[in-house]
Structures are given as structure tokens and as C-alpha cells.
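As stored in target.cif (mmCIF, N, CA and C atoms):
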```cif
data_entry
#
loop_
_atom_site.label_atom_id
_atom_site.label_comp_id
_atom_site.auth_asym_id
_atom_site.auth_seq_id
_atom_site.Cartn_x
_atom_site.Cartn_y
_atom_site.Cartn_z
N MET A 887 129.24 79.42 139.52
CA MET A 887 129.81 80.72 139.22
C MET A 887 128.82 81.85 139.54
N VAL A 888 127.56 81.67 139.14
CA VAL A 888 126.53 82.69 139.41
C VAL A 888 126.25 82.79 140.90
N GLU A 889 126.19 81.65 141.60
CA GLU A 889 125.92 81.69 143.03
C GLU A 889 127.02 82.43 143.78
N ARG A 890 128.26 82.20 143.41
CA ARG A 890 129.38 82.91 144.05
C ARG A 890 129.27 84.41 143.77
N PHE A 891 128.94 84.76 142.52
CA PHE A 891 128.74 86.16 142.15
C PHE A 891 127.68 86.78 143.04
N LEU A 892 126.53 86.12 143.18
CA LEU A 892 125.43 86.67 143.97
C LEU A 892 125.80 86.83 145.43
N GLU A 893 126.55 85.89 145.99
CA GLU A 893 126.98 86.03 147.39
C GLU A 893 127.89 87.25 147.56
N ASP A 894 128.82 87.45 146.63
CA ASP A 894 129.70 88.63 146.70
C ASP A 894 128.90 89.92 146.50
N TYR A 895 127.93 89.87 145.59
CA TYR A 895 127.06 91.02 145.30
C TYR A 895 126.27 91.41 146.56
N LEU A 896 125.74 90.41 147.26
CA LEU A 896 124.99 90.67 148.49
C LEU A 896 125.88 91.28 149.56
N GLN A 897 127.12 90.84 149.65
CA GLN A 897 128.04 91.43 150.63
C GLN A 897 128.26 92.91 150.35
N ALA A 898 128.34 93.28 149.07
CA ALA A 898 128.51 94.68 148.71
C ALA A 898 127.28 95.50 149.11
N PHE A 899 126.08 94.94 148.91
CA PHE A 899 124.86 95.64 149.33
C PHE A 899 124.79 95.74 150.84
N ASN A 900 125.14 94.66 151.55
CA ASN A 900 125.12 94.70 153.01
C ASN A 900 126.09 95.74 153.56
N ALA A 901 127.19 95.97 152.85
CA ALA A 901 128.18 96.96 153.26
C ALA A 901 127.77 98.37 152.85
N ARG A 902 126.69 98.49 152.05
CA ARG A 902 126.22 99.78 151.53
C ARG A 902 127.35 100.53 150.83
N ASP A 903 128.05 99.81 149.98
CA ASP A 903 129.23 100.35 149.30
C ASP A 903 128.92 100.50 147.80
N GLY A 904 128.51 101.71 147.41
CA GLY A 904 128.12 101.98 146.03
C GLY A 904 129.20 101.65 145.02
N ALA A 905 130.46 101.95 145.34
CA ALA A 905 131.55 101.66 144.41
C ALA A 905 131.71 100.16 144.22
N ARG A 906 131.60 99.42 145.29
CA ARG A 906 131.73 97.96 145.20
C ARG A 906 130.57 97.36 144.44
N ILE A 907 129.35 97.83 144.70
CA ILE A 907 128.18 97.34 143.97
C ILE A 907 128.36 97.62 142.48
N ALA A 908 128.77 98.83 142.15
CA ALA A 908 128.95 99.22 140.74
C ALA A 908 129.97 98.34 140.04
N SER A 909 130.95 97.81 140.76
CA SER A 909 131.99 96.98 140.15
C SER A 909 131.45 95.66 139.61
N PHE A 910 130.23 95.29 139.99
CA PHE A 910 129.61 94.07 139.50
C PHE A 910 128.92 94.27 138.14
N TYR A 911 128.90 95.50 137.68
CA TYR A 911 128.19 95.86 136.44
C TYR A 911 129.17 96.17 135.32
N ASN A 912 128.76 95.80 134.13
CA ASN A 912 129.48 96.18 132.92
C ASN A 912 129.20 97.65 132.63
N VAL A 913 130.14 98.31 131.99
CA VAL A 913 129.90 99.66 131.49
C VAL A 913 130.06 99.60 129.98
N PRO A 914 129.00 99.84 129.22
CA PRO A 914 127.67 100.32 129.62
C PRO A 914 126.78 99.18 130.10
N CYS A 915 125.67 99.56 130.76
CA CYS A 915 124.67 98.60 131.20
C CYS A 915 123.33 99.31 131.33
N VAL A 916 122.31 98.51 131.55
CA VAL A 916 120.96 99.05 131.70
C VAL A 916 120.24 98.28 132.80
N THR A 917 119.37 98.98 133.53
CA THR A 917 118.57 98.34 134.57
C THR A 917 117.14 98.87 134.53
N MET A 918 116.19 97.98 134.71
CA MET A 918 114.79 98.38 134.84
C MET A 918 114.37 98.11 136.27
N ARG A 919 113.87 99.14 136.94
CA ARG A 919 113.52 99.08 138.35
C ARG A 919 112.06 98.68 138.53
N ALA A 920 111.66 98.47 139.78
CA ALA A 920 110.31 98.02 140.10
C ALA A 920 109.23 99.02 139.72
N ASP A 921 109.58 100.29 139.63
CA ASP A 921 108.61 101.31 139.23
C ASP A 921 108.49 101.42 137.70
N GLY A 922 109.23 100.56 136.98
CA GLY A 922 109.19 100.57 135.53
C GLY A 922 110.19 101.52 134.90
N SER A 923 110.91 102.28 135.72
CA SER A 923 111.90 103.20 135.17
C SER A 923 113.09 102.42 134.62
N ILE A 924 113.65 102.95 133.55
CA ILE A 924 114.80 102.33 132.91
C ILE A 924 115.98 103.30 133.01
N HIS A 925 117.10 102.76 133.46
CA HIS A 925 118.31 103.56 133.66
C HIS A 925 119.43 102.96 132.84
N ALA A 926 120.07 103.78 132.01
CA ALA A 926 121.23 103.36 131.23
C ALA A 926 122.46 104.06 131.81
N PHE A 927 123.52 103.31 131.97
CA PHE A 927 124.74 103.84 132.57
C PHE A 927 125.90 103.70 131.59
N THR A 928 126.63 104.78 131.41
CA THR A 928 127.77 104.77 130.51
C THR A 928 129.08 105.08 131.22
N SER A 929 129.02 105.24 132.54
CA SER A 929 130.25 105.48 133.30
C SER A 929 130.18 104.80 134.66
N GLN A 930 131.34 104.44 135.16
CA GLN A 930 131.43 103.82 136.48
C GLN A 930 130.98 104.80 137.56
N ASP A 931 131.27 106.08 137.39
CA ASP A 931 130.86 107.10 138.37
C ASP A 931 129.35 107.19 138.49
N ASP A 932 128.65 107.15 137.34
CA ASP A 932 127.18 107.19 137.37
C ASP A 932 126.62 105.95 138.06
N LEU A 933 127.18 104.79 137.76
CA LEU A 933 126.76 103.54 138.41
C LEU A 933 126.96 103.63 139.92
N GLN A 934 128.13 104.09 140.31
CA GLN A 934 128.45 104.19 141.73
C GLN A 934 127.47 105.11 142.46
N ALA A 935 127.19 106.26 141.90
CA ALA A 935 126.26 107.20 142.54
C ALA A 935 124.85 106.60 142.64
N PHE A 936 124.39 105.96 141.58
CA PHE A 936 123.07 105.34 141.56
C PHE A 936 122.97 104.27 142.64
N PHE A 937 123.94 103.37 142.69
CA PHE A 937 123.85 102.27 143.65
C PHE A 937 124.12 102.71 145.08
N GLN A 938 124.85 103.79 145.27
CA GLN A 938 125.00 104.31 146.62
C GLN A 938 123.65 104.83 147.12
N ARG A 939 122.96 105.59 146.26
CA ARG A 939 121.61 106.08 146.65
C ARG A 939 120.67 104.91 146.92
N LEU A 940 120.71 103.89 146.07
CA LEU A 940 119.83 102.73 146.22
C LEU A 940 120.13 101.98 147.52
N ALA A 941 121.40 101.72 147.79
CA ALA A 941 121.77 101.00 149.01
C ALA A 941 121.38 101.79 150.26
N ASP A 942 121.58 103.11 150.22
CA ASP A 942 121.19 103.95 151.36
C ASP A 942 119.68 103.96 151.55
N THR A 943 118.92 103.99 150.45
CA THR A 943 117.46 103.94 150.52
C THR A 943 117.00 102.62 151.11
N TYR A 944 117.56 101.51 150.63
CA TYR A 944 117.20 100.19 151.17
C TYR A 944 117.47 100.14 152.68
N TYR A 945 118.60 100.69 153.11
CA TYR A 945 118.94 100.68 154.53
C TYR A 945 117.93 101.51 155.33
N ARG A 946 117.57 102.69 154.82
CA ARG A 946 116.56 103.52 155.49
C ARG A 946 115.22 102.80 155.56
N ASP A 947 114.93 101.97 154.56
CA ASP A 947 113.68 101.19 154.54
C ASP A 947 113.72 100.01 155.50
N GLY A 948 114.86 99.79 156.16
CA GLY A 948 114.98 98.73 157.15
C GLY A 948 115.74 97.50 156.69
N SER A 949 116.26 97.51 155.48
CA SER A 949 116.97 96.34 154.97
C SER A 949 118.23 96.06 155.77
N ARG A 950 118.33 94.80 156.23
CA ARG A 950 119.54 94.36 156.94
C ARG A 950 120.01 93.01 156.42
N GLY A 951 119.33 92.48 155.42
CA GLY A 951 119.73 91.19 154.86
C GLY A 951 118.93 90.85 153.62
N TRP A 952 119.42 89.86 152.88
CA TRP A 952 118.83 89.48 151.60
C TRP A 952 118.79 87.97 151.49
N LYS A 953 117.85 87.51 150.71
CA LYS A 953 117.77 86.08 150.40
C LYS A 953 117.29 85.96 148.96
N TYR A 954 117.85 85.00 148.25
CA TYR A 954 117.32 84.70 146.93
C TYR A 954 117.04 83.20 146.85
N ASP A 955 116.10 82.82 145.99
CA ASP A 955 115.81 81.41 145.76
C ASP A 955 115.27 81.24 144.35
N HIS A 956 115.00 80.01 143.99
CA HIS A 956 114.49 79.66 142.65
C HIS A 956 115.40 80.22 141.55
N LEU A 957 116.71 80.05 141.73
CA LEU A 957 117.68 80.51 140.74
C LEU A 957 117.63 79.61 139.51
N GLU A 958 117.46 80.24 138.35
CA GLU A 958 117.49 79.55 137.07
C GLU A 958 118.56 80.22 136.21
N VAL A 959 119.49 79.43 135.68
CA VAL A 959 120.56 79.97 134.85
C VAL A 959 120.47 79.35 133.47
N THR A 960 120.46 80.20 132.44
CA THR A 960 120.38 79.76 131.05
C THR A 960 121.61 80.28 130.30
N PRO A 961 122.46 79.38 129.79
CA PRO A 961 123.60 79.85 129.00
C PRO A 961 123.12 80.54 127.72
N LEU A 962 123.82 81.59 127.34
CA LEU A 962 123.52 82.32 126.11
C LEU A 962 124.81 82.40 125.29
N GLY A 963 125.27 81.28 124.82
CA GLY A 963 126.53 81.24 124.08
C GLY A 963 127.69 81.02 125.03
N ALA A 964 128.89 81.28 124.53
CA ALA A 964 130.11 80.97 125.28
C ALA A 964 130.44 81.97 126.37
N ARG A 965 129.99 83.23 126.25
CA ARG A 965 130.42 84.26 127.19
C ARG A 965 129.29 85.01 127.88
N SER A 966 128.08 84.50 127.80
CA SER A 966 126.99 85.19 128.49
C SER A 966 125.96 84.20 128.99
N MET A 967 125.14 84.66 129.91
CA MET A 967 124.08 83.82 130.49
C MET A 967 123.00 84.72 131.07
N LEU A 968 121.84 84.12 131.25
CA LEU A 968 120.72 84.79 131.88
C LEU A 968 120.45 84.08 133.19
N ALA A 969 120.38 84.84 134.28
CA ALA A 969 120.06 84.28 135.59
C ALA A 969 118.80 84.97 136.10
N THR A 970 117.84 84.15 136.54
CA THR A 970 116.57 84.67 137.06
C THR A 970 116.35 84.06 138.43
N MET A 971 115.90 84.91 139.37
CA MET A 971 115.65 84.42 140.72
C MET A 971 114.61 85.28 141.42
N ASN A 972 114.13 84.79 142.56
CA ASN A 972 113.28 85.56 143.46
C ASN A 972 114.18 86.17 144.53
N TRP A 973 113.93 87.43 144.85
CA TRP A 973 114.66 88.12 145.90
C TRP A 973 113.73 88.45 147.06
N GLU A 974 114.31 88.46 148.25
CA GLU A 974 113.64 88.99 149.43
C GLU A 974 114.58 89.97 150.12
N MET A 975 114.05 91.15 150.43
CA MET A 975 114.76 92.12 151.25
C MET A 975 114.21 91.93 152.67
N ARG A 976 115.12 91.77 153.64
CA ARG A 976 114.69 91.43 155.00
C ARG A 976 115.17 92.42 156.05
N ARG A 977 114.35 92.52 157.09
CA ARG A 977 114.72 93.32 158.27
C ARG A 977 115.68 92.50 159.14
N GLU A 978 116.19 93.15 160.16
CA GLU A 978 117.12 92.49 161.08
C GLU A 978 116.51 91.25 161.74
N ASP A 979 115.19 91.28 162.00
CA ASP A 979 114.53 90.13 162.64
C ASP A 979 114.19 89.03 161.63
N GLY A 980 114.55 89.22 160.36
CA GLY A 980 114.28 88.21 159.33
C GLY A 980 112.97 88.38 158.62
N SER A 981 112.12 89.30 159.07
CA SER A 981 110.85 89.51 158.39
C SER A 981 111.09 90.16 157.03
N VAL A 982 110.17 89.91 156.11
CA VAL A 982 110.34 90.34 154.72
C VAL A 982 109.78 91.75 154.53
N ILE A 983 110.61 92.62 153.96
CA ILE A 983 110.18 93.98 153.60
C ILE A 983 109.50 93.95 152.25
N ARG A 984 110.16 93.30 151.27
CA ARG A 984 109.54 93.14 149.94
C ARG A 984 110.15 91.95 149.23
N ARG A 985 109.36 91.44 148.26
CA ARG A 985 109.77 90.32 147.41
C ARG A 985 109.61 90.72 145.96
N TRP A 986 110.47 90.18 145.11
CA TRP A 986 110.32 90.41 143.68
C TRP A 986 111.10 89.35 142.90
N ARG A 987 110.82 89.28 141.62
CA ARG A 987 111.53 88.39 140.71
C ARG A 987 112.37 89.28 139.79
N GLN A 988 113.60 88.81 139.50
CA GLN A 988 114.53 89.63 138.73
C GLN A 988 115.39 88.75 137.84
N SER A 989 115.75 89.30 136.69
CA SER A 989 116.66 88.62 135.78
C SER A 989 117.89 89.49 135.54
N TYR A 990 119.02 88.82 135.40
CA TYR A 990 120.29 89.48 135.09
C TYR A 990 120.86 88.84 133.84
N ASN A 991 121.26 89.66 132.89
CA ASN A 991 122.00 89.19 131.73
C ASN A 991 123.47 89.43 132.04
N PHE A 992 124.21 88.34 132.19
CA PHE A 992 125.62 88.41 132.54
C PHE A 992 126.49 88.27 131.29
N VAL A 993 127.60 88.96 131.30
CA VAL A 993 128.63 88.79 130.28
C VAL A 993 129.93 88.45 131.02
N ALA A 994 130.67 87.48 130.48
CA ALA A 994 131.93 87.06 131.09
C ALA A 994 133.09 87.69 130.35
N GLY A 995 134.06 88.15 131.11
CA GLY A 995 135.28 88.70 130.54
C GLY A 995 136.30 88.92 131.63
N ASP A 996 137.55 88.83 131.31
CA ASP A 996 138.62 89.00 132.31
C ASP A 996 138.46 88.05 133.48
N GLY A 997 137.90 86.86 133.22
CA GLY A 997 137.77 85.85 134.26
C GLY A 997 136.67 86.09 135.27
N ARG A 998 135.75 87.01 134.96
CA ARG A 998 134.65 87.26 135.91
C ARG A 998 133.37 87.63 135.17
N LEU A 999 132.27 87.53 135.90
CA LEU A 999 130.97 87.93 135.37
C LEU A 999 130.71 89.39 135.69
N ARG A 1000 129.97 90.03 134.80
CA ARG A 1000 129.47 91.38 135.05
C ARG A 1000 128.03 91.44 134.54
N ILE A 1001 127.23 92.28 135.17
CA ILE A 1001 125.83 92.46 134.76
C ILE A 1001 125.78 93.45 133.61
N LEU A 1002 125.21 92.99 132.50
CA LEU A 1002 125.01 93.83 131.33
C LEU A 1002 123.62 94.47 131.37
N ALA A 1003 122.64 93.69 131.85
CA ALA A 1003 121.26 94.18 131.96
C ALA A 1003 120.60 93.53 133.17
N SER A 1004 119.82 94.32 133.88
CA SER A 1004 119.08 93.86 135.05
C SER A 1004 117.62 94.27 134.85
N THR A 1005 116.72 93.30 135.01
CA THR A 1005 115.31 93.58 134.79
C THR A 1005 114.48 93.03 135.94
N ILE A 1006 113.79 93.90 136.63
CA ILE A 1006 112.83 93.46 137.65
C ILE A 1006 111.54 93.12 136.89
N HIS A 1007 110.99 91.95 137.20
CA HIS A 1007 109.77 91.50 136.54
C HIS A 1007 108.59 92.28 137.10
N LEU A 1008 107.94 93.03 136.25
CA LEU A 1008 106.82 93.84 136.69
C LEU A 1008 105.55 93.00 136.72
N PRO A 1009 104.66 93.27 137.69
CA PRO A 1009 103.41 92.50 137.76
C PRO A 1009 102.48 92.82 136.60
#
```
Can the structure from this file be put into C-alpha cells for me?
Amino acid sequence: MVERFLEDYLQAFNARDGARIASFYNVPCVTMRADGSIHAFTSQDDLQAFFQRLADTYYRDGSRGWKYDHLEVTPLGARSMLATMNWEMRREDGSVIRRWRQSYNFVAGDGRLRILASTIHLP
């Protein structure tokens, strides 16, 4: 279930579609970025604007593909789970732009997963 979610999530990023990316998130939700900043979202519009800017920035930085590995999934009761993995942002030639480790706290509802919290592991 998580792997399918991540594949669909990557397609939304590859399409640079802020609205589609935002649809993978619960409202409200929170995310901690690589710079340590914490962002709380209480509306779909705010999520969409944030992820559109992020997707456009990644594209300007040369991102043309993504890879994740070392996926670990921990159930947290009947309707939630924690997924942790390593991410790579890649250029068109497959070379790596950046790597990081990230965790997502998922909540299940309406037959699908949504991200409640996203945390990039800071060094």
C-alpha cells in the first residue's frame, strides 16, 4: 500500500502538479524541511501553493526523476503507520542532485492513505 502511494506521489512530483501533490496530504498536516523549517497547513489551497513552489524549485535545480530505497514501514494502530526511506533527487542523466532520509506519518481514511506529518531527518 505504501509503495503504491509513493509511486503515485512521485508521478505527481514529476508532473510538477502542486494540486495533485497536495492531494496526498491530510488537512491539517505538518512538514519539516531540510533547512529545519516547520510548516503547518490548514487548507488545501495553502498546501497546493507550497508544493507548486517546491516542485518548480526542484525542477529549476535540475530534478527530472526520483528514487527511494530502504523503505521501513511501522504500523501505528489500525489506521496509521510510519514510513521511513532514503530519497534521491536525480538529473535527467541519472546523476544524484541530493540525498536525504525522510519519514512520513500516514493516516488511512476513505480507502486511501494521506500524509499527516512529514519529517526530513536532519544531520
Inset, instruction - Using all atoms listed in the file, find the one residue out of A:Leu1008, A:Asp932, A:Arg939, A:Val993 that sits nearest to Ala964 (chain A). - result: A:Val993
Legend entry - Option closest in space to Gly904 (chain A), from A:Phe992, A:Tyr945, A:Trp952, A:Phe937 [counting all atoms listed in the file]: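 When distances to Gly904 (chain A) are compared using all atoms listed in the file, the smallest one comes from A:Phe937.
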Legend entry - Pick from A:Arg919, A:Arg998, A:Arg950, A:His1007, whichever lies nearest to Arg977 (chain A) using all atoms listed in the file: A:Arg950
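Counting only C-alpha atoms and comparing A:Gly951, A:Gly922, A:Pro961, A:Pro914, the residue that lies closest to Phe899 (chain A) is A:Gly951.
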Legend entry - Selection under test: the PyMOL selection byres ((chain A and resi 909) around 8); residues as JSON, numbers by chain: {"A": [903, 904, 905, 906, 907, 908, 910, 911, 912, 930, 933, 934, 999, 1000, 1001]}
For N, CA and C atoms, I'd like the residues from the last selection saved as a compact mmCIF listing (two decimals), in the frame of the given file.
```
# COMPACT_ATOMS: atom_id res chain seq x y z
N ASP A 903 128.05 99.81 149.98
CA ASP A 903 129.23 100.35 149.30
C ASP A 903 128.92 100.50 147.80
N GLY A 904 128.51 101.71 147.41
CA GLY A 904 128.12 101.98 146.03
C GLY A 904 129.20 101.65 145.02
N ALA A 905 130.46 101.95 145.34
CA ALA A 905 131.55 101.66 144.41
C ALA A 905 131.71 100.16 144.22
N ARG A 906 131.60 99.42 145.29
CA ARG A 906 131.73 97.96 145.20
C ARG A 906 130.57 97.36 144.44
N ILE A 907 129.35 97.83 144.70
CA ILE A 907 128.18 97.34 143.97
C ILE A 907 128.36 97.62 142.48
N ALA A 908 128.77 98.83 142.15
CA ALA A 908 128.95 99.22 140.74
C ALA A 908 129.97 98.34 140.04
N PHE A 910 130.23 95.29 139.99
CA PHE A 910 129.61 94.07 139.50
C PHE A 910 128.92 94.27 138.14
N TYR A 911 128.90 95.50 137.68
CA TYR A 911 128.19 95.86 136.44
C TYR A 911 129.17 96.17 135.32
N ASN A 912 128.76 95.80 134.13
CA ASN A 912 129.48 96.18 132.92
C ASN A 912 129.20 97.65 132.63
N GLN A 930 131.34 104.44 135.16
CA GLN A 930 131.43 103.82 136.48
C GLN A 930 130.98 104.80 137.56
N LEU A 933 127.18 104.79 137.76
CA LEU A 933 126.76 103.54 138.41
C LEU A 933 126.96 103.63 139.92
N GLN A 934 128.13 104.09 140.31
CA GLN A 934 128.45 104.19 141.73
C GLN A 934 127.47 105.11 142.46
N LEU A 999 132.27 87.53 135.90
CA LEU A 999 130.97 87.93 135.37
C LEU A 999 130.71 89.39 135.69
N ARG A 1000 129.97 90.03 134.80
CA ARG A 1000 129.47 91.38 135.05
C ARG A 1000 128.03 91.44 134.54
N ILE A 1001 127.23 92.28 135.17
CA ILE A 1001 125.83 92.46 134.76
C ILE A 1001 125.78 93.45 133.61
```
Legend entry - Distance in Å - atom N of Ala926 (chain A) versus CA of Val982 (chain A): 28.1 Å
Inset, instruction - Could you check how far CA of Cys915 (chain A) sits from CA of Tyr990 (chain A), in Å to one decimal? - result: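 About the pair CA of Cys915 (chain A) and CA of Tyr990 (chain A): they are 10.8 Å apart.
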Legend entry - Gap from CA of Asp979 (chain A) to atom N of Asp947 (chain A) - Å, one decimal: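 Spanning CA of Asp979 (chain A) to atom N of Asp947 (chain A) is a straight-line distance of 14.3 Å.
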Inset, instruction - Identify all residues of chain A in strand (DSSP E) (DSSP on the backbone) and supply them as a PyMOL selection string. - result: chain A and resi 911-918+924-927+951-961+966-976+982-995+998-1006
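Considering only C-alpha atoms, the residue among A:Ala941, A:Leu892, A:Met967, A:Ala920 positioned nearest to Trp986 (chain A) is A:Ala920.
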Legend entry - Output check: residues returned by the PyMOL selection byres (((chain A and resi 988 and name CA) around 7) and name CA), as a PyMOL selection string: chain A and resi 970-972+986-987+989-990+1005-1007
Legend entry - All alpha helix (DSSP H) residues (DSSP, backbone) inside chain A, as a VMD selection string: chain A and resid 888 to 900 904 to 908 930 to 946
Inset, instruction - Select, from A:Ser981, A:Asn900, A:Ser949, A:Ser1004, the residue with the minimum atom-to-atom distance to Leu968 (chain A), counting only C-alpha atoms. - result: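 Of A:Ser981, A:Asn900, A:Ser949, A:Ser1004, the one nearest Leu968 (chain A) is A:Ser1004, counting only C-alpha atoms.
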Got a sec to write region 992-1007 of chain A of the block to a file, N, CA and C atoms, as a PDB file, in the first residue's frame?
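Heads up, here's the output in result29.pdb:
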```
ATOM      1  N   PHE A 992       1.504   8.395   8.126  1.00  0.00           N
ATOM      2  CA  PHE A 992       0.316   8.252   7.292  1.00  0.00           C
ATOM      3  C   PHE A 992      -0.913   7.987   8.151  1.00  0.00           C
ATOM      4  N   VAL A 993      -2.030   8.493   7.698  1.00  0.00           N
ATOM      5  CA  VAL A 993      -3.327   8.170   8.285  1.00  0.00           C
ATOM      6  C   VAL A 993      -4.204   7.633   7.153  1.00  0.00           C
ATOM      7  N   ALA A 994      -4.942   6.562   7.440  1.00  0.00           N
ATOM      8  CA  ALA A 994      -5.818   5.952   6.440  1.00  0.00           C
ATOM      9  C   ALA A 994      -7.253   6.392   6.675  1.00  0.00           C
ATOM     10  N   GLY A 995      -7.930   6.697   5.596  1.00  0.00           N
ATOM     11  CA  GLY A 995      -9.339   7.062   5.651  1.00  0.00           C
ATOM     12  C   GLY A 995      -9.904   7.122   4.254  1.00  0.00           C
ATOM     13  N   ASP A 996     -11.159   6.843   4.105  1.00  0.00           N
ATOM     14  CA  ASP A 996     -11.807   6.843   2.786  1.00  0.00           C
ATOM     15  C   ASP A 996     -11.093   5.923   1.803  1.00  0.00           C
ATOM     16  N   GLY A 997     -10.510   4.835   2.318  1.00  0.00           N
ATOM     17  CA  GLY A 997      -9.861   3.855   1.456  1.00  0.00           C
ATOM     18  C   GLY A 997      -8.518   4.263   0.897  1.00  0.00           C
ATOM     19  N   ARG A 998      -7.917   5.310   1.466  1.00  0.00           N
ATOM     20  CA  ARG A 998      -6.596   5.719   0.965  1.00  0.00           C
ATOM     21  C   ARG A 998      -5.741   6.285   2.088  1.00  0.00           C
ATOM     22  N   LEU A 999      -4.442   6.361   1.811  1.00  0.00           N
ATOM     23  CA  LEU A 999      -3.501   6.953   2.750  1.00  0.00           C
ATOM     24  C   LEU A 999      -3.350   8.438   2.466  1.00  0.00           C
ATOM     25  N   ARG A1000      -3.087   9.182   3.527  1.00  0.00           N
ATOM     26  CA  ARG A1000      -2.723  10.592   3.394  1.00  0.00           C
ATOM     27  C   ARG A1000      -1.601  10.875   4.387  1.00  0.00           C
ATOM     28  N   ILE A1001      -0.748  11.830   4.043  1.00  0.00           N
ATOM     29  CA  ILE A1001       0.362  12.214   4.917  1.00  0.00           C
ATOM     30  C   ILE A1001      -0.151  13.202   5.952  1.00  0.00           C
ATOM     31  N   LEU A1002       0.031  12.844   7.213  1.00  0.00           N
ATOM     32  CA  LEU A1002      -0.333  13.704   8.328  1.00  0.00           C
ATOM     33  C   LEU A1002       0.866  14.552   8.756  1.00  0.00           C
ATOM     34  N   ALA A1003       2.059  13.929   8.708  1.00  0.00           N
ATOM     35  CA  ALA A1003       3.295  14.625   9.071  1.00  0.00           C
ATOM     36  C   ALA A1003       4.437  14.082   8.223  1.00  0.00           C
ATOM     37  N   SER A1004       5.302  14.979   7.799  1.00  0.00           N
ATOM     38  CA  SER A1004       6.481  14.632   7.006  1.00  0.00           C
ATOM     39  C   SER A1004       7.692  15.263   7.693  1.00  0.00           C
ATOM     40  N   THR A1005       8.712  14.447   7.924  1.00  0.00           N
ATOM     41  CA  THR A1005       9.891  14.939   8.623  1.00  0.00           C
ATOM     42  C   THR A1005      11.155  14.522   7.875  1.00  0.00           C
ATOM     43  N   ILE A1006      11.920  15.489   7.434  1.00  0.00           N
ATOM     44  CA  ILE A1006      13.235  15.198   6.862  1.00  0.00           C
ATOM     45  C   ILE A1006      14.195  15.055   8.048  1.00  0.00           C
ATOM     46  N   HIS A1007      14.976  13.985   8.025  1.00  0.00           N
ATOM     47  CA  HIS A1007      15.918  13.727   9.110  1.00  0.00           C
ATOM     48  C   HIS A1007      17.101  14.682   8.964  1.00  0.00           C
TER      49      HIS A1007
END
```
